[in-house]
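Only one structure is covered here, and it is reproduced in the block below.
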Amino acid sequence: MKGTLLLVSSVGLLLPGVGSCPMKCLCHPSSNSVDCSGQGLSKVPTNLPPWTVTLLLQDNQIHWLPALAFQSVSLLTTLNLSNNSLSNLAAEAFYGLPHLRVLNVTQNSLLSIESSFARALPGLRELDLSSNSLSILPTSLGKPWENLTVFAVQQNHLLHLDRELLEAMPKVRLVLLKDNPWICDCHLLGLKLWLERFTFQGGETDGAICRLPESWNGKALLSIPHELYQPCSLPSQDLAPSLVRQPGSAPQDAQNSHENSSGQQDPLECEAKPKPKPTNLRHAVATVVITGVVCGIVCLMMLAAAIYGCTYAAITAQYQGRPLASARKSEKMGSKELMDSSSA
């Protein structure tokens, strides 16, 4: 990397026309950085120096990134596009940036990102998508994002986040999710379970705060026992025949579906309905231990009572047996004296 950077810098010095600093930008060859922030730019400058490693384009009016927008700065490692007017991030715009490590696109108007984003930036380590208008993220990236360690999506419009997306980031250590209107229903249970394992393994997160249902409004997702989530319900089988109609008929289900798409809640969508609170595991274990101790004490007391009873019986029998033996001996002696007197 350093050898390539030195070669490109040398070419830039030998060829004055190559790598000249764009108008309205400040170029710093000593730090290999170019600062074009706050200049009212509507597009990415085309004559960026090839030795650029850090490019600052924040606080402008860039609303679109063409394909290969940064092909002239292939050594780029840090790119700041925050506080612009971007509504979409096309993966093609970042082709040719194998060394990019940090991408900041906060405070834009992003509505979505493409699932092929990971393929365009396989070496990316930090991705900050905060303070945008994202309402949905890809379910899958197509391939693991092997090097990503920081993933930030706070202050967006996200309702759900698929667990599979996060599982495609095996090295992620920081996940920022706050300030989204999370719906804590069965669809978010996968995220909860992933976050529990993630934090147990040492990962850091600011957590997700539920907005719906109302009973959980303001509660942290991680604080709600997963036993309270019901499985996502499937469409009832008795609705299937009603979907088969004669041509020209207007099935009521289709009308209901249309009404649901217009903004009303789908009755088939699952809702988090609190169940009776399950027995606390610690309390159950404590109860078993206490019961065992009490039973043990009772058994010991019964054993002691049995030993005492047997001992008492033996001693009583021994003392009762002595007078009986003396009486028999006296009886024998009396009989003998009687016999002797009669014989005389």
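Going through the structure tokens in order, the chains are called A, B, and so on, while each chain numbers its residues from 1 and the ligands are numbered from 1 in the order shown.
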Near-A:Ala152 list (6 Å; only C-alpha atoms; drop same-chain fewer than 6 positions) as a VMD selection string
chain A and resid 128 to 130 175 to 176
With 8 Å as the cut-off and only C-alpha atoms counted, what is the closest atom pair between each nearby residue of stretch 105-224 of chain A and stretch 67-83 of chain A? Distances in Å to one decimal, ordered by chain and number, as JSON lines.
{"residue": "A:Val105", "atom": "CA", "partner": "A:Ser82", "partner_atom": "CA", "distance": 4.5}
{"residue": "A:Thr106", "atom": "CA", "partner": "A:Ser82", "partner_atom": "CA", "distance": 4.6}
{"residue": "A:Gln107", "atom": "CA", "partner": "A:Asn83", "partner_atom": "CA", "distance": 4.6}
{"residue": "A:Asn108", "atom": "CA", "partner": "A:Asn83", "partner_atom": "CA", "distance": 5.4}
Residue nearest A:Glu167 among A:Thr46, A:Ser140, A:Asn147, A:Ser30 (counting only C-alpha atoms)
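Distance minimum relative to A:Glu167 lands on A:Ser140.
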Hey, what does DSSP flag as helix (DSSP H, G or I) within stretch 27-201 of chain A? Can you give it to me as a PyMOL selection string?
chain A and resi 91-94+117-120+163-167+186-200
Using only C-alpha atoms, which protein or nucleic acid residues come within 10 Å of A:Leu48? Drop anything in the same chain fewer than 6 positions from it, and give the result as a PyMOL selection string.
chain A and resi 18-23+25+27+34+55+70-73
Name the residues in contact with A:Ala90 at a cut-off of 8 Å, using only C-alpha atoms, excluding same-chain residues fewer than 3 positions from it; report them as a PDB file with all heavy atoms, in the first residue's frame.
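Saved result, part07.pdb, follows:
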ATOM      1  N   LEU A  65     -24.601  10.083  -7.035  1.00  0.00           N
ATOM      2  CA  LEU A  65     -23.248   9.572  -7.262  1.00  0.00           C
ATOM      3  C   LEU A  65     -23.266   8.693  -8.499  1.00  0.00           C
ATOM      4  O   LEU A  65     -23.927   7.637  -8.510  1.00  0.00           O
ATOM      5  CB  LEU A  65     -22.769   8.757  -6.055  1.00  0.00           C
ATOM      6  CG  LEU A  65     -22.592   9.508  -4.735  1.00  0.00           C
ATOM      7  CD1 LEU A  65     -22.207   8.526  -3.624  1.00  0.00           C
ATOM      8  CD2 LEU A  65     -21.540  10.608  -4.862  1.00  0.00           C
ATOM      9  N   ALA A  67     -21.778   6.104 -11.490  1.00  0.00           N
ATOM     10  CA  ALA A  67     -20.945   4.905 -11.418  1.00  0.00           C
ATOM     11  C   ALA A  67     -19.473   5.306 -11.492  1.00  0.00           C
ATOM     12  O   ALA A  67     -19.104   6.230 -12.217  1.00  0.00           O
ATOM     13  CB  ALA A  67     -21.308   3.953 -12.553  1.00  0.00           C
ATOM     14  N   ALA A  93     -21.268   3.150  -7.682  1.00  0.00           N
ATOM     15  CA  ALA A  93     -20.555   4.398  -7.431  1.00  0.00           C
ATOM     16  C   ALA A  93     -19.256   4.164  -6.678  1.00  0.00           C
ATOM     17  O   ALA A  93     -18.330   4.980  -6.762  1.00  0.00           O
ATOM     18  CB  ALA A  93     -21.439   5.355  -6.642  1.00  0.00           C
ATOM     19  N   PHE A  94     -19.156   3.037  -5.978  1.00  0.00           N
ATOM     20  CA  PHE A  94     -17.988   2.782  -5.136  1.00  0.00           C
ATOM     21  C   PHE A  94     -17.079   1.697  -5.701  1.00  0.00           C
ATOM     22  O   PHE A  94     -16.161   1.242  -5.006  1.00  0.00           O
ATOM     23  CB  PHE A  94     -18.445   2.406  -3.730  1.00  0.00           C
ATOM     24  CG  PHE A  94     -19.262   3.477  -3.066  1.00  0.00           C
ATOM     25  CD1 PHE A  94     -20.644   3.459  -3.137  1.00  0.00           C
ATOM     26  CD2 PHE A  94     -18.656   4.522  -2.383  1.00  0.00           C
ATOM     27  CE1 PHE A  94     -21.404   4.450  -2.537  1.00  0.00           C
ATOM     28  CE2 PHE A  94     -19.407   5.518  -1.782  1.00  0.00           C
ATOM     29  CZ  PHE A  94     -20.782   5.477  -1.859  1.00  0.00           C
ATOM     30  N   ILE A 113     -30.447   1.172   0.692  1.00  0.00           N
ATOM     31  CA  ILE A 113     -29.129   0.827   0.167  1.00  0.00           C
ATOM     32  C   ILE A 113     -29.253  -0.518  -0.545  1.00  0.00           C
ATOM     33  O   ILE A 113     -30.112  -1.335  -0.207  1.00  0.00           O
ATOM     34  CB  ILE A 113     -28.054   0.754   1.268  1.00  0.00           C
ATOM     35  CG1 ILE A 113     -28.392  -0.330   2.278  1.00  0.00           C
ATOM     36  CG2 ILE A 113     -27.877   2.090   1.953  1.00  0.00           C
ATOM     37  CD1 ILE A 113     -27.271  -0.590   3.270  1.00  0.00           C
ATOM     38  N   GLU A 114     -28.399  -0.744  -1.504  1.00  0.00           N
ATOM     39  CA  GLU A 114     -28.476  -1.949  -2.306  1.00  0.00           C
ATOM     40  C   GLU A 114     -27.834  -3.129  -1.573  1.00  0.00           C
ATOM     41  O   GLU A 114     -26.885  -2.959  -0.804  1.00  0.00           O
ATOM     42  CB  GLU A 114     -27.808  -1.731  -3.659  1.00  0.00           C
ATOM     43  CG  GLU A 114     -28.483  -0.661  -4.508  1.00  0.00           C
ATOM     44  CD  GLU A 114     -27.810  -0.486  -5.862  1.00  0.00           C
ATOM     45  OE1 GLU A 114     -26.813  -1.195  -6.111  1.00  0.00           O
ATOM     46  OE2 GLU A 114     -28.275   0.339  -6.653  1.00  0.00           O
ATOM     47  N   PHE A 117     -24.021  -3.863  -1.890  1.00  0.00           N
ATOM     48  CA  PHE A 117     -23.100  -2.881  -1.328  1.00  0.00           C
ATOM     49  C   PHE A 117     -21.857  -3.550  -0.759  1.00  0.00           C
ATOM     50  O   PHE A 117     -20.742  -3.032  -0.865  1.00  0.00           O
ATOM     51  CB  PHE A 117     -23.823  -2.092  -0.239  1.00  0.00           C
ATOM     52  CG  PHE A 117     -23.316  -0.688  -0.069  1.00  0.00           C
ATOM     53  CD1 PHE A 117     -23.495   0.258  -1.068  1.00  0.00           C
ATOM     54  CD2 PHE A 117     -22.655  -0.307   1.078  1.00  0.00           C
ATOM     55  CE1 PHE A 117     -23.029   1.545  -0.906  1.00  0.00           C
ATOM     56  CE2 PHE A 117     -22.192   0.979   1.256  1.00  0.00           C
ATOM     57  CZ  PHE A 117     -22.379   1.915   0.252  1.00  0.00           C
TER      58      PHE A 117
END
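The gap separating atom CA of A:Val153 from atom CA of A:Lys178 is 7.8 Å, in Å to one decimal.
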